[in-house]
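Shown next: input38.cif, containing mmCIF, C-alpha atoms and all ligand atoms.
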data_my_file
#
loop_
_atom_site.group_PDB
_atom_site.id
_atom_site.type_symbol
_atom_site.label_atom_id
_atom_site.label_comp_id
_atom_site.auth_asym_id
_atom_site.auth_seq_id
_atom_site.Cartn_x
_atom_site.Cartn_y
_atom_site.Cartn_z
ATOM 1 C CA MET A 1 -15.367 22.642 8.787
ATOM 2 C CA SER A 2 -17.091 19.250 9.067
ATOM 3 C CA ALA A 3 -15.149 16.246 10.384
ATOM 4 C CA GLY A 4 -13.480 14.128 7.746
ATOM 5 C CA ARG A 5 -14.106 10.423 7.257
ATOM 6 C CA LEU A 6 -10.731 9.686 8.890
ATOM 7 C CA GLN A 7 -10.819 12.426 11.502
ATOM 8 C CA ASP A 8 -7.898 11.999 13.958
ATOM 9 C CA LYS A 9 -6.989 8.535 12.654
ATOM 10 C CA SER A 10 -3.334 7.606 12.971
ATOM 11 C CA ILE A 11 -2.080 6.106 9.704
ATOM 12 C CA VAL A 12 1.245 4.815 8.386
ATOM 13 C CA ILE A 13 1.782 4.405 4.641
ATOM 14 C CA THR A 14 4.979 2.858 3.259
ATOM 15 C CA GLY A 15 6.283 4.126 -0.074
ATOM 16 C CA ALA A 16 4.155 7.250 0.265
ATOM 17 C CA ALA A 17 6.552 9.679 -1.434
ATOM 18 C CA SER A 18 5.322 8.705 -4.909
ATOM 19 C CA GLY A 19 2.468 7.357 -6.951
ATOM 20 C CA LEU A 20 -0.388 5.577 -5.239
ATOM 21 C CA GLY A 21 1.066 5.862 -1.732
ATOM 22 C CA ARG A 22 1.283 9.608 -2.217
ATOM 23 C CA ALA A 23 -2.316 9.794 -3.484
ATOM 24 C CA MET A 24 -3.556 7.815 -0.485
ATOM 25 C CA ALA A 25 -1.561 9.999 1.916
ATOM 26 C CA LEU A 26 -3.017 13.213 0.456
ATOM 27 C CA THR A 27 -6.569 11.850 0.521
ATOM 28 C CA PHE A 28 -6.273 10.476 4.041
ATOM 29 C CA ALA A 29 -4.839 13.741 5.367
ATOM 30 C CA ALA A 30 -7.582 15.716 3.622
ATOM 31 C CA GLU A 31 -10.063 13.502 5.483
ATOM 32 C CA GLY A 32 -8.537 14.423 8.848
ATOM 33 C CA ALA A 33 -5.943 11.684 9.425
ATOM 34 C CA ASP A 34 -2.436 12.168 10.767
ATOM 35 C CA VAL A 35 -0.277 10.430 8.173
ATOM 36 C CA VAL A 36 3.205 9.046 8.720
ATOM 37 C CA VAL A 37 4.717 9.095 5.249
ATOM 38 C CA GLY A 38 7.380 6.395 5.097
ATOM 39 C CA ASP A 39 9.747 6.094 2.157
ATOM 40 C CA VAL A 40 13.416 5.745 1.258
ATOM 41 C CA ARG A 41 13.217 9.162 -0.436
ATOM 42 C CA PRO A 42 11.175 12.297 0.291
ATOM 43 C CA ASP A 43 10.751 13.463 -3.315
ATOM 44 C CA PRO A 44 8.199 11.838 -5.640
ATOM 45 C CA ARG A 45 9.558 9.600 -8.393
ATOM 46 C CA GLU A 46 7.230 11.378 -10.816
ATOM 47 C CA GLY A 47 8.431 14.831 -9.742
ATOM 48 C CA GLY A 48 6.707 17.555 -7.760
ATOM 49 C CA GLU A 49 6.700 18.604 -4.135
ATOM 50 C CA PRO A 50 7.213 16.143 -1.289
ATOM 51 C CA THR A 51 3.973 14.577 -0.033
ATOM 52 C CA VAL A 52 4.201 16.087 3.448
ATOM 53 C CA ASP A 53 4.734 19.601 2.063
ATOM 54 C CA LEU A 54 1.457 19.282 0.144
ATOM 55 C CA ILE A 55 -0.339 17.886 3.200
ATOM 56 C CA GLU A 56 0.826 20.766 5.382
ATOM 57 C CA ARG A 57 0.019 23.416 2.798
ATOM 58 C CA ALA A 58 -3.542 22.060 2.608
ATOM 59 C CA GLY A 59 -3.835 22.391 6.397
ATOM 60 C CA GLY A 60 -3.454 18.669 7.095
ATOM 61 C CA SER A 61 -1.238 16.733 9.480
ATOM 62 C CA GLY A 62 1.644 14.459 8.515
ATOM 63 C CA ILE A 63 5.327 13.702 8.908
ATOM 64 C CA PHE A 64 7.951 12.191 6.612
ATOM 65 C CA VAL A 65 10.021 9.393 8.122
ATOM 66 C CA GLU A 66 12.891 7.985 6.084
ATOM 67 C CA ALA A 67 12.275 4.272 6.349
ATOM 68 C CA ASP A 68 13.106 1.200 4.311
ATOM 69 C CA ALA A 69 10.003 -1.007 4.316
ATOM 70 C CA SER A 70 12.145 -4.148 4.208
ATOM 71 C CA ARG A 71 13.979 -3.416 7.476
ATOM 72 C CA TRP A 72 12.481 -4.202 10.873
ATOM 73 C CA ASP A 73 14.150 -1.273 12.675
ATOM 74 C CA ASP A 74 12.821 1.207 10.119
ATOM 75 C CA ILE A 75 9.315 -0.291 10.206
ATOM 76 C CA ASP A 76 9.427 -0.127 13.988
ATOM 77 C CA ARG A 77 10.312 3.571 13.732
ATOM 78 C CA LEU A 78 7.299 4.211 11.485
ATOM 79 C CA VAL A 79 4.855 2.614 13.909
ATOM 80 C CA THR A 80 6.530 4.145 16.960
ATOM 81 C CA THR A 81 6.279 7.590 15.350
ATOM 82 C CA ALA A 82 2.550 7.142 14.721
ATOM 83 C CA VAL A 83 1.972 5.997 18.299
ATOM 84 C CA GLU A 84 4.037 8.838 19.757
ATOM 85 C CA ARG A 85 1.999 11.364 17.767
ATOM 86 C CA ARG A 86 -1.517 10.010 18.335
ATOM 87 C CA GLY A 87 -1.307 7.283 20.967
ATOM 88 C CA ARG A 88 -2.293 4.462 18.609
ATOM 89 C CA LEU A 89 -2.034 3.084 15.079
ATOM 90 C CA ASP A 90 -5.423 2.936 13.382
ATOM 91 C CA VAL A 91 -4.361 1.971 9.862
ATOM 92 C CA MET A 92 -1.214 0.474 8.325
ATOM 93 C CA VAL A 93 -0.955 0.672 4.533
ATOM 94 C CA ASN A 94 1.716 -1.599 3.053
ATOM 95 C CA ASN A 95 2.297 -0.043 -0.340
ATOM 96 C CA ALA A 96 6.063 0.186 -1.016
ATOM 97 C CA ILE A 97 7.406 -1.710 -3.999
ATOM 98 C CA VAL A 98 10.644 -2.355 -5.839
ATOM 99 C CA ALA A 99 10.235 -3.648 -9.393
ATOM 100 C CA GLY A 100 11.598 -1.739 -12.421
ATOM 101 C CA ARG A 101 14.802 -3.248 -13.790
ATOM 102 C CA HIS A 102 14.517 -6.221 -11.413
ATOM 103 C CA SER A 103 11.161 -7.312 -12.851
ATOM 104 C CA LYS A 104 11.829 -9.766 -15.691
ATOM 105 C CA GLY A 105 10.962 -13.189 -17.015
ATOM 106 C CA LEU A 106 12.077 -16.391 -15.337
ATOM 107 C CA LEU A 107 15.188 -17.009 -17.439
ATOM 108 C CA GLU A 108 16.453 -13.423 -17.113
ATOM 109 C CA THR A 109 15.751 -13.128 -13.383
ATOM 110 C CA GLU A 110 18.879 -13.563 -11.289
ATOM 111 C CA PRO A 111 18.674 -14.397 -7.594
ATOM 112 C CA GLU A 112 19.561 -10.736 -6.819
ATOM 113 C CA ASP A 113 16.536 -9.549 -8.836
ATOM 114 C CA TRP A 114 14.276 -12.012 -7.050
ATOM 115 C CA ASP A 115 15.590 -10.924 -3.648
ATOM 116 C CA ALA A 116 15.275 -7.201 -4.425
ATOM 117 C CA ILE A 117 11.596 -7.579 -5.277
ATOM 118 C CA MET A 118 10.774 -10.051 -2.514
ATOM 119 C CA ASP A 119 12.605 -8.084 0.209
ATOM 120 C CA VAL A 120 10.257 -5.124 -0.111
ATOM 121 C CA GLY A 121 7.254 -6.626 -1.884
ATOM 122 C CA LEU A 122 6.637 -9.688 0.283
ATOM 123 C CA ARG A 123 9.091 -10.072 3.177
ATOM 124 C CA GLY A 124 8.671 -6.365 3.972
ATOM 125 C CA VAL A 125 4.883 -6.674 3.945
ATOM 126 C CA PHE A 126 5.167 -9.584 6.390
ATOM 127 C CA LEU A 127 7.345 -7.470 8.705
ATOM 128 C CA CYS A 128 5.035 -4.447 8.432
ATOM 129 C CA CYS A 129 1.994 -6.604 9.231
ATOM 130 C CA LYS A 130 3.774 -8.163 12.175
ATOM 131 C CA ARG A 131 4.755 -4.807 13.673
ATOM 132 C CA ALA A 132 1.317 -3.305 13.054
ATOM 133 C CA VAL A 133 -0.589 -6.261 14.525
ATOM 134 C CA ARG A 134 1.659 -6.224 17.591
ATOM 135 C CA GLN A 135 0.668 -2.597 18.188
ATOM 136 C CA MET A 136 -3.003 -3.074 17.346
ATOM 137 C CA LEU A 137 -3.546 -6.010 19.723
ATOM 138 C CA GLY A 138 -2.695 -3.720 22.651
ATOM 139 C CA GLN A 139 -5.195 -1.023 21.643
ATOM 140 C CA GLU A 140 -8.841 -0.635 22.589
ATOM 141 C CA PRO A 141 -11.253 -1.127 19.663
ATOM 142 C CA VAL A 142 -12.758 1.889 17.908
ATOM 143 C CA ALA A 143 -15.928 1.154 15.911
ATOM 144 C CA GLU A 144 -15.352 -2.536 16.709
ATOM 145 C CA ALA A 145 -11.870 -2.593 15.189
ATOM 146 C CA ARG A 146 -8.543 -2.496 17.016
ATOM 147 C CA GLY A 147 -6.944 -1.530 13.729
ATOM 148 C CA ARG A 148 -7.002 -1.965 9.992
ATOM 149 C CA ILE A 149 -4.315 -3.170 7.618
ATOM 150 C CA ILE A 150 -4.408 -2.522 3.880
ATOM 151 C CA ASN A 151 -1.956 -4.520 1.779
ATOM 152 C CA ILE A 152 -1.523 -3.105 -1.705
ATOM 153 C CA SER A 153 -1.454 -6.098 -4.020
ATOM 154 C CA SER A 154 -2.231 -6.202 -7.746
ATOM 155 C CA GLN A 155 -4.378 -8.034 -10.217
ATOM 156 C CA HIS A 156 -1.032 -9.609 -11.085
ATOM 157 C CA GLY A 157 -1.086 -11.397 -7.756
ATOM 158 C CA MET A 158 -4.013 -13.375 -9.149
ATOM 159 C CA ILE A 159 -2.857 -13.978 -12.720
ATOM 160 C CA GLY A 160 0.421 -13.831 -14.605
ATOM 161 C CA ALA A 161 1.834 -10.765 -16.334
ATOM 162 C CA PRO A 162 4.092 -11.574 -19.266
ATOM 163 C CA GLY A 163 7.708 -11.458 -18.084
ATOM 164 C CA HIS A 164 7.315 -10.365 -14.433
ATOM 165 C CA VAL A 165 7.957 -13.532 -12.469
ATOM 166 C CA ALA A 166 9.128 -12.207 -9.099
ATOM 167 C CA TYR A 167 6.627 -9.331 -8.993
ATOM 168 C CA CYS A 168 3.652 -11.596 -9.664
ATOM 169 C CA THR A 169 4.900 -14.136 -7.145
ATOM 170 C CA ALA A 170 5.336 -11.458 -4.471
ATOM 171 C CA LYS A 171 1.850 -10.083 -5.074
ATOM 172 C CA GLY A 172 0.334 -13.568 -4.937
ATOM 173 C CA GLY A 173 2.007 -13.975 -1.571
ATOM 174 C CA VAL A 174 0.644 -10.631 -0.381
ATOM 175 C CA ILE A 175 -2.900 -11.718 -1.221
ATOM 176 C CA ASN A 176 -2.643 -14.971 0.696
ATOM 177 C CA LEU A 177 -0.840 -13.287 3.594
ATOM 178 C CA THR A 178 -3.858 -10.974 3.737
ATOM 179 C CA HIS A 179 -6.259 -13.926 3.902
ATOM 180 C CA GLN A 180 -4.164 -15.563 6.601
ATOM 181 C CA LEU A 181 -3.964 -12.512 8.853
ATOM 182 C CA ALA A 182 -7.671 -11.739 8.467
ATOM 183 C CA VAL A 183 -8.331 -15.287 9.696
ATOM 184 C CA ASP A 184 -5.809 -15.212 12.531
ATOM 185 C CA PHE A 185 -6.567 -11.753 13.935
ATOM 186 C CA GLY A 186 -10.243 -11.241 13.084
ATOM 187 C CA PRO A 187 -11.207 -12.672 16.476
ATOM 188 C CA GLN A 188 -9.254 -9.858 18.169
ATOM 189 C CA GLY A 189 -10.766 -7.160 15.978
ATOM 190 C CA VAL A 190 -7.973 -6.528 13.483
ATOM 191 C CA ILE A 191 -9.363 -6.009 9.969
ATOM 192 C CA VAL A 192 -6.987 -6.987 7.164
ATOM 193 C CA ASN A 193 -7.726 -6.362 3.495
ATOM 194 C CA GLY A 194 -5.898 -6.276 0.203
ATOM 195 C CA LEU A 195 -6.361 -3.613 -2.455
ATOM 196 C CA ALA A 196 -5.454 -4.662 -5.978
ATOM 197 C CA PRO A 197 -4.929 -1.834 -8.442
ATOM 198 C CA GLY A 198 -5.162 -2.636 -12.142
ATOM 199 C CA LYS A 199 -3.277 -0.341 -14.497
ATOM 200 C CA ILE A 200 -3.049 3.058 -12.801
ATOM 201 C CA LEU A 201 -1.225 5.898 -14.531
ATOM 202 C CA VAL A 202 1.339 7.355 -12.146
ATOM 203 C CA ARG A 203 3.993 8.466 -14.649
ATOM 204 C CA GLN A 204 4.889 8.082 -18.301
ATOM 205 C CA ASP A 205 4.522 4.493 -19.521
ATOM 206 C CA SER A 206 5.794 3.023 -22.786
ATOM 207 C CA ASP A 207 3.440 2.775 -25.760
ATOM 208 C CA GLU A 208 3.655 -0.995 -25.444
ATOM 209 C CA VAL A 209 2.512 -0.986 -21.799
ATOM 210 C CA LEU A 210 -0.296 1.440 -22.565
ATOM 211 C CA ALA A 211 -1.550 -0.588 -25.533
ATOM 212 C CA TYR A 212 -1.481 -3.831 -23.524
ATOM 213 C CA SER A 213 -3.264 -2.193 -20.579
ATOM 214 C CA HIS A 214 -5.987 -0.678 -22.752
ATOM 215 C CA ALA A 215 -6.499 -4.023 -24.442
ATOM 216 C CA ARG A 216 -6.991 -5.714 -21.050
ATOM 217 C CA THR A 217 -9.137 -3.002 -19.404
ATOM 218 C CA PRO A 218 -12.849 -2.949 -20.273
ATOM 219 C CA PHE A 219 -13.437 0.484 -18.715
ATOM 220 C CA SER A 220 -13.167 3.479 -21.037
ATOM 221 C CA ARG A 221 -9.928 4.779 -19.519
ATOM 222 C CA LEU A 222 -6.998 3.542 -17.440
ATOM 223 C CA GLY A 223 -6.857 4.166 -13.707
ATOM 224 C CA ARG A 224 -6.019 7.325 -11.833
ATOM 225 C CA PRO A 225 -4.347 7.439 -8.411
ATOM 226 C CA ALA A 226 -7.579 8.987 -7.101
ATOM 227 C CA ASP A 227 -9.453 5.779 -8.019
ATOM 228 C CA VAL A 228 -7.185 3.815 -5.696
ATOM 229 C CA ALA A 229 -7.274 6.475 -2.967
ATOM 230 C CA ALA A 230 -11.092 6.418 -2.937
ATOM 231 C CA ALA A 231 -11.202 2.654 -2.441
ATOM 232 C CA ALA A 232 -8.458 2.822 0.189
ATOM 233 C CA LEU A 233 -10.425 5.529 1.996
ATOM 234 C CA PHE A 234 -13.291 3.092 2.471
ATOM 235 C CA LEU A 235 -11.003 0.284 3.681
ATOM 236 C CA ALA A 236 -9.298 2.677 6.134
ATOM 237 C CA SER A 237 -12.488 4.144 7.568
ATOM 238 C CA ASP A 238 -14.856 3.093 10.350
ATOM 239 C CA GLU A 239 -17.352 2.285 7.573
ATOM 240 C CA CYS A 240 -15.244 -0.800 6.862
ATOM 241 C CA THR A 241 -16.383 -3.160 9.612
ATOM 242 C CA TYR A 242 -17.553 -6.567 8.383
ATOM 243 C CA VAL A 243 -15.345 -6.426 5.273
ATOM 244 C CA SER A 244 -12.165 -8.404 6.034
ATOM 245 C CA GLY A 245 -9.893 -10.747 4.120
ATOM 246 C CA ILE A 246 -10.862 -9.420 0.686
ATOM 247 C CA ASN A 247 -8.669 -8.338 -2.204
ATOM 248 C CA LEU A 248 -10.548 -5.300 -3.507
ATOM 249 C CA LEU A 249 -9.935 -4.934 -7.227
ATOM 250 C CA VAL A 250 -9.639 -1.370 -8.507
ATOM 251 C CA ASP A 251 -8.906 -2.416 -12.042
ATOM 252 C CA GLY A 252 -11.553 -1.068 -14.414
ATOM 253 C CA GLY A 253 -12.750 -4.638 -14.922
ATOM 254 C CA TRP A 254 -9.381 -6.149 -15.931
ATOM 255 C CA MET A 255 -10.083 -9.307 -13.935
ATOM 256 C CA ALA A 256 -13.634 -9.576 -15.256
ATOM 257 C CA TYR A 257 -12.482 -9.788 -18.837
HETATM 258 N N1 LIG B 1 0.651 1.839 -10.612
HETATM 259 C C1 LIG B 1 0.035 0.724 -10.979
HETATM 260 O O1 LIG B 1 -0.496 0.598 -12.088
HETATM 261 C C2 LIG B 1 -0.048 -0.435 -10.036
HETATM 262 C C3 LIG B 1 -0.745 -1.574 -10.436
HETATM 263 C C4 LIG B 1 -0.858 -2.646 -9.576
HETATM 264 C C5 LIG B 1 -0.278 -2.577 -8.319
HETATM 265 N N2 LIG B 1 0.407 -1.466 -7.955
HETATM 266 C C6 LIG B 1 0.993 -1.457 -6.610
HETATM 267 O O2 LIG B 1 0.710 -0.230 -5.970
HETATM 268 C C7 LIG B 1 1.788 0.101 -5.092
HETATM 269 C C8 LIG B 1 2.313 1.489 -5.441
HETATM 270 O O3 LIG B 1 2.739 1.466 -6.791
HETATM 271 P P1 LIG B 1 3.170 2.798 -7.536
HETATM 272 O O4 LIG B 1 2.850 2.589 -8.975
HETATM 273 O O5 LIG B 1 2.630 3.982 -6.825
HETATM 274 O O6 LIG B 1 4.769 2.713 -7.350
HETATM 275 P P2 LIG B 1 5.860 3.893 -7.342
HETATM 276 O O7 LIG B 1 7.100 3.275 -7.870
HETATM 277 O O8 LIG B 1 5.305 5.116 -7.976
HETATM 278 O O9 LIG B 1 6.051 4.230 -5.805
HETATM 279 C C9 LIG B 1 6.657 3.325 -4.959
HETATM 280 C C10 LIG B 1 7.266 4.064 -3.801
HETATM 281 O O10 LIG B 1 7.880 3.093 -2.947
HETATM 282 C C11 LIG B 1 9.120 3.629 -2.537
HETATM 283 N N3 LIG B 1 10.025 2.565 -2.120
HETATM 284 C C12 LIG B 1 10.805 1.776 -2.904
HETATM 285 N N4 LIG B 1 11.513 0.949 -2.126
HETATM 286 C C13 LIG B 1 11.173 1.228 -0.855
HETATM 287 C C14 LIG B 1 11.572 0.703 0.393
HETATM 288 N N5 LIG B 1 12.493 -0.276 0.482
HETATM 289 N N6 LIG B 1 11.014 1.213 1.510
HETATM 290 C C15 LIG B 1 10.106 2.208 1.443
HETATM 291 N N7 LIG B 1 9.693 2.748 0.285
HETATM 292 C C16 LIG B 1 10.229 2.257 -0.838
HETATM 293 C C17 LIG B 1 9.641 4.410 -3.728
HETATM 294 O O11 LIG B 1 10.649 5.337 -3.346
HETATM 295 C C18 LIG B 1 8.362 5.066 -4.218
HETATM 296 O O12 LIG B 1 8.163 6.315 -3.575
HETATM 297 C C19 LIG B 1 2.829 -0.995 -5.256
HETATM 298 O O13 LIG B 1 2.653 -1.967 -4.245
HETATM 299 C C20 LIG B 1 2.504 -1.557 -6.616
HETATM 300 O O14 LIG B 1 2.931 -2.885 -6.785
HETATM 301 C C21 LIG B 1 0.547 -0.398 -8.770
#

Show the structure stored in the file as structure tokens.
Amino acid sequence: MSAGRLQDKSIVITGAASGLGRAMALTFAAEGADVVVGDVRPDPREGGEPTVDLIERAGGSGIFVEADASRWDDIDRLVTTAVERRGRLDVMVNNAIVAGRHSKGLLETEPEDWDAIMDVGLRGVFLCCKRAVRQMLGQEPVAEARGRIINISSQHGMIGAPGHVAYCTAKGGVINLTHQLAVDFGPQGVIVNGLAPGKILVRQDSDEVLAYSHARTPFSRLGRPADVAAAALFLASDECTYVSGINLLVDGGWMAY
């Protein structure tokens, strides 16, 4: 069997039980990485087998760690687990999100809704970046990089989405946090990028959401988790060297329209 594009890389992904985190975990493991699957639940929100069960059945390497991506001690456990398994942390993917019932317009959003989204979607990303950078600065570079961070943002961190005030604000923060860390830690060889999915189908959406998304997406179909995983694979790999501080849109042209 030929070596994968992420052969023996040590990778942590938050929120990797479901959706896009799960797709990235499966792709990364299939490309030879050891994946620490962090989440508050092992079972996918959309149903099906736990991510790590699929990884192991396919002959890959991974472990599930119950971890809340808004809590420092849990984030520390994710990174420590990766380092204990492979001696370093090559890639940190900050993907976990809370939105759902908390994501509303300004007048309907209570402080508790704001905090629920911000705790995981922005404050948690800050904590995950901090813990990952701390580890990466002590590692020797591989292919000129001490480590890579991928922050999952959204096209809605660049523009508004009707009625999702805290979510859009959190994602805007994630994009600028990404710029900031690429600037601050580029000199030491830490590569930091954002990945902004457009509308990706991970489970059943309402007719209203689907109609709006189709109307905004020039491409002939809406996104698949594999579209995001393919872009993330590039950002996670040694092929990603001089690309840092970007927010890579995987949106079928949403932001071009
Ligand atoms: N699906 C899309 O169309 C889309 C579009 C733009 C951006 N995104 C972004 O992509 C990322 C993944 O989205 P998704 O659609 O796969 O979401 P999802 O809801 O399917 O999965 C999110 C995962 O995060 C986990 N999670 C929730 N709170 C957590 C916490 N405190 N700690 C750890 N894990 C936690 C959930 O259990 C779940 O497994 C998010 O950052 C989201 O904002 C998604």

Fill in: Nearest to Leu106 (chain A) by atom-to-atom distance, counting only C-alpha atoms, from A:Ser237, A:Gln188, A:Thr169, A:Gln180
A:Thr169

Item to complete: Counting all atoms listed in the file, name the residues that have an atom within 7 Å of an atom of ligand LIG 1 (chain B); the answer should be given as a PyMOL selection string.
Response: chain A and resi 14-21+38-41+44-45+67-70+95-98+120-121+152-155+196-202

Save out the residues we just selected, C-alpha atoms, as an mmCIF file, in the coordinates of the input.
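After the write, out05.cif holds the following:
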data_model
loop_
_atom_site.group_PDB
_atom_site.id
_atom_site.type_symbol
_atom_site.label_atom_id
_atom_site.label_comp_id
_atom_site.auth_asym_id
_atom_site.auth_seq_id
_atom_site.Cartn_x
_atom_site.Cartn_y
_atom_site.Cartn_z
ATOM 1 C CA THR A 14 4.979 2.858 3.259
ATOM 2 C CA GLY A 15 6.283 4.126 -0.074
ATOM 3 C CA ALA A 16 4.155 7.250 0.265
ATOM 4 C CA ALA A 17 6.552 9.679 -1.434
ATOM 5 C CA SER A 18 5.322 8.705 -4.909
ATOM 6 C CA GLY A 19 2.468 7.357 -6.951
ATOM 7 C CA LEU A 20 -0.388 5.577 -5.239
ATOM 8 C CA GLY A 21 1.066 5.862 -1.732
ATOM 9 C CA GLY A 38 7.380 6.395 5.097
ATOM 10 C CA ASP A 39 9.747 6.094 2.157
ATOM 11 C CA VAL A 40 13.416 5.745 1.258
ATOM 12 C CA ARG A 41 13.217 9.162 -0.436
ATOM 13 C CA PRO A 44 8.199 11.838 -5.640
ATOM 14 C CA ARG A 45 9.558 9.600 -8.393
ATOM 15 C CA ALA A 67 12.275 4.272 6.349
ATOM 16 C CA ASP A 68 13.106 1.200 4.311
ATOM 17 C CA ALA A 69 10.003 -1.007 4.316
ATOM 18 C CA SER A 70 12.145 -4.148 4.208
ATOM 19 C CA ASN A 95 2.297 -0.043 -0.340
ATOM 20 C CA ALA A 96 6.063 0.186 -1.016
ATOM 21 C CA ILE A 97 7.406 -1.710 -3.999
ATOM 22 C CA VAL A 98 10.644 -2.355 -5.839
ATOM 23 C CA VAL A 120 10.257 -5.124 -0.111
ATOM 24 C CA GLY A 121 7.254 -6.626 -1.884
ATOM 25 C CA ILE A 152 -1.523 -3.105 -1.705
ATOM 26 C CA SER A 153 -1.454 -6.098 -4.020
ATOM 27 C CA SER A 154 -2.231 -6.202 -7.746
ATOM 28 C CA GLN A 155 -4.378 -8.034 -10.217
ATOM 29 C CA ALA A 196 -5.454 -4.662 -5.978
ATOM 30 C CA PRO A 197 -4.929 -1.834 -8.442
ATOM 31 C CA GLY A 198 -5.162 -2.636 -12.142
ATOM 32 C CA LYS A 199 -3.277 -0.341 -14.497
ATOM 33 C CA ILE A 200 -3.049 3.058 -12.801
ATOM 34 C CA LEU A 201 -1.225 5.898 -14.531
ATOM 35 C CA VAL A 202 1.339 7.355 -12.146
#

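One distance worth recording is that between CA of Leu107 (chain A) and CA of Leu122 (chain A), which is 21.0 Å.
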
Quick check on the file I pasted: which residues fall under the PyMOL selection byres (((chain A and resi 101) around 12) and not hetatm)? Write them as a PDB file with C-alpha atoms, in the frame of the given file.
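File result-v2.pdb, as written:
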ATOM      1  CA  VAL A  98      10.644  -2.355  -5.839  1.00  0.00           C
ATOM      2  CA  ALA A  99      10.235  -3.648  -9.393  1.00  0.00           C
ATOM      3  CA  GLY A 100      11.598  -1.739 -12.421  1.00  0.00           C
ATOM      4  CA  HIS A 102      14.517  -6.221 -11.413  1.00  0.00           C
ATOM      5  CA  SER A 103      11.161  -7.312 -12.851  1.00  0.00           C
ATOM      6  CA  LYS A 104      11.829  -9.766 -15.691  1.00  0.00           C
ATOM      7  CA  GLY A 105      10.962 -13.189 -17.015  1.00  0.00           C
ATOM      8  CA  GLU A 108      16.453 -13.423 -17.113  1.00  0.00           C
ATOM      9  CA  THR A 109      15.751 -13.128 -13.383  1.00  0.00           C
ATOM     10  CA  GLU A 110      18.879 -13.563 -11.289  1.00  0.00           C
ATOM     11  CA  GLU A 112      19.561 -10.736  -6.819  1.00  0.00           C
ATOM     12  CA  ASP A 113      16.536  -9.549  -8.836  1.00  0.00           C
ATOM     13  CA  TRP A 114      14.276 -12.012  -7.050  1.00  0.00           C
ATOM     14  CA  ALA A 116      15.275  -7.201  -4.425  1.00  0.00           C
ATOM     15  CA  ILE A 117      11.596  -7.579  -5.277  1.00  0.00           C
ATOM     16  CA  GLY A 163       7.708 -11.458 -18.084  1.00  0.00           C
ATOM     17  CA  HIS A 164       7.315 -10.365 -14.433  1.00  0.00           C
ATOM     18  CA  ALA A 166       9.128 -12.207  -9.099  1.00  0.00           C
ATOM     19  CA  TYR A 167       6.627  -9.331  -8.993  1.00  0.00           C
TER      20      TYR A 167
END

Worksheet item: Just how far from CA of Arg77 (chain A) is CA of Arg131 (chain A), in Å to one decimal?
Response: 10.1 Å

Fill in: Atom pair CA of Asp8 (chain A) / CA of Leu26 (chain A): separation (Å)
14.4 Å

Contacts between region 84-90 of chain A and region 185-242 of chain A, please, where a residue of region 185-242 of chain A counts if it comes within 10 Å (with all atoms listed in the file); show its shortest atom pair and distance in Å to one decimal, rows by chain and ascending number, as JSON lines.
{"residue": "A:Val190", "atom": "CA", "partner": "A:Asp90", "partner_atom": "CA", "distance": 9.8}
{"residue": "A:Ala236", "atom": "CA", "partner": "A:Asp90", "partner_atom": "CA", "distance": 8.2}
{"residue": "A:Ser237", "atom": "CA", "partner": "A:Asp90", "partner_atom": "CA", "distance": 9.2}
{"residue": "A:Asp238", "atom": "CA", "partner": "A:Asp90", "partner_atom": "CA", "distance": 9.9}

As lines of an AutoDock Vina configuration file, please: the centre and edge lengths in Å, to one decimal, of an axis-aligned box enclosing every listed atom of region 174-183 of chain A with 8 Å added on each side.
center_x = -3.8
center_y = -13.1
center_z = 4.2
size_x = 25.0
size_y = 20.9
size_z = 26.9

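When the PyMOL selection byres (((chain A and resi 246) around 6) and not hetatm) is evaluated on the file shown here, the picked residues come out as Asn193, Gly194, Ser244, Gly245, Asn247 and Leu248 of chain A.
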
Could those selected residues go to a file with C-alpha atoms, as a compact mmCIF listing (two decimals), keeping the file's coordinate frame?
# COMPACT_ATOMS: atom_id res chain seq x y z
CA ASN A 193 -7.73 -6.36 3.50
CA GLY A 194 -5.90 -6.28 0.20
CA SER A 244 -12.16 -8.40 6.03
CA GLY A 245 -9.89 -10.75 4.12
CA ASN A 247 -8.67 -8.34 -2.20
CA LEU A 248 -10.55 -5.30 -3.51

Worksheet item: Given the choices A:Leu54, A:Ile63, A:Ala132, A:Met158, which gets closest to Val35 (chain A) if the distance is worked out from only C-alpha atoms?
Response: A:Ile63

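For the residues A:Arg5, A:Glu208, A:Glu144, A:Asp34, ranking by smallest atom-to-atom distance to Ala232 (chain A) using only C-alpha atoms places A:Arg5 first.
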
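With only C-alpha atoms as the basis for measurement, A:Ala30 is the residue among A:Leu235, A:Ala30, A:Val83, A:Met24 that approaches Gln7 (chain A) most closely.
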
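Using only C-alpha atoms, the smallest distance between any of A:Gly59, A:Val12, A:Gly253, A:Ala145 and Thr81 (chain A) comes from A:Val12.
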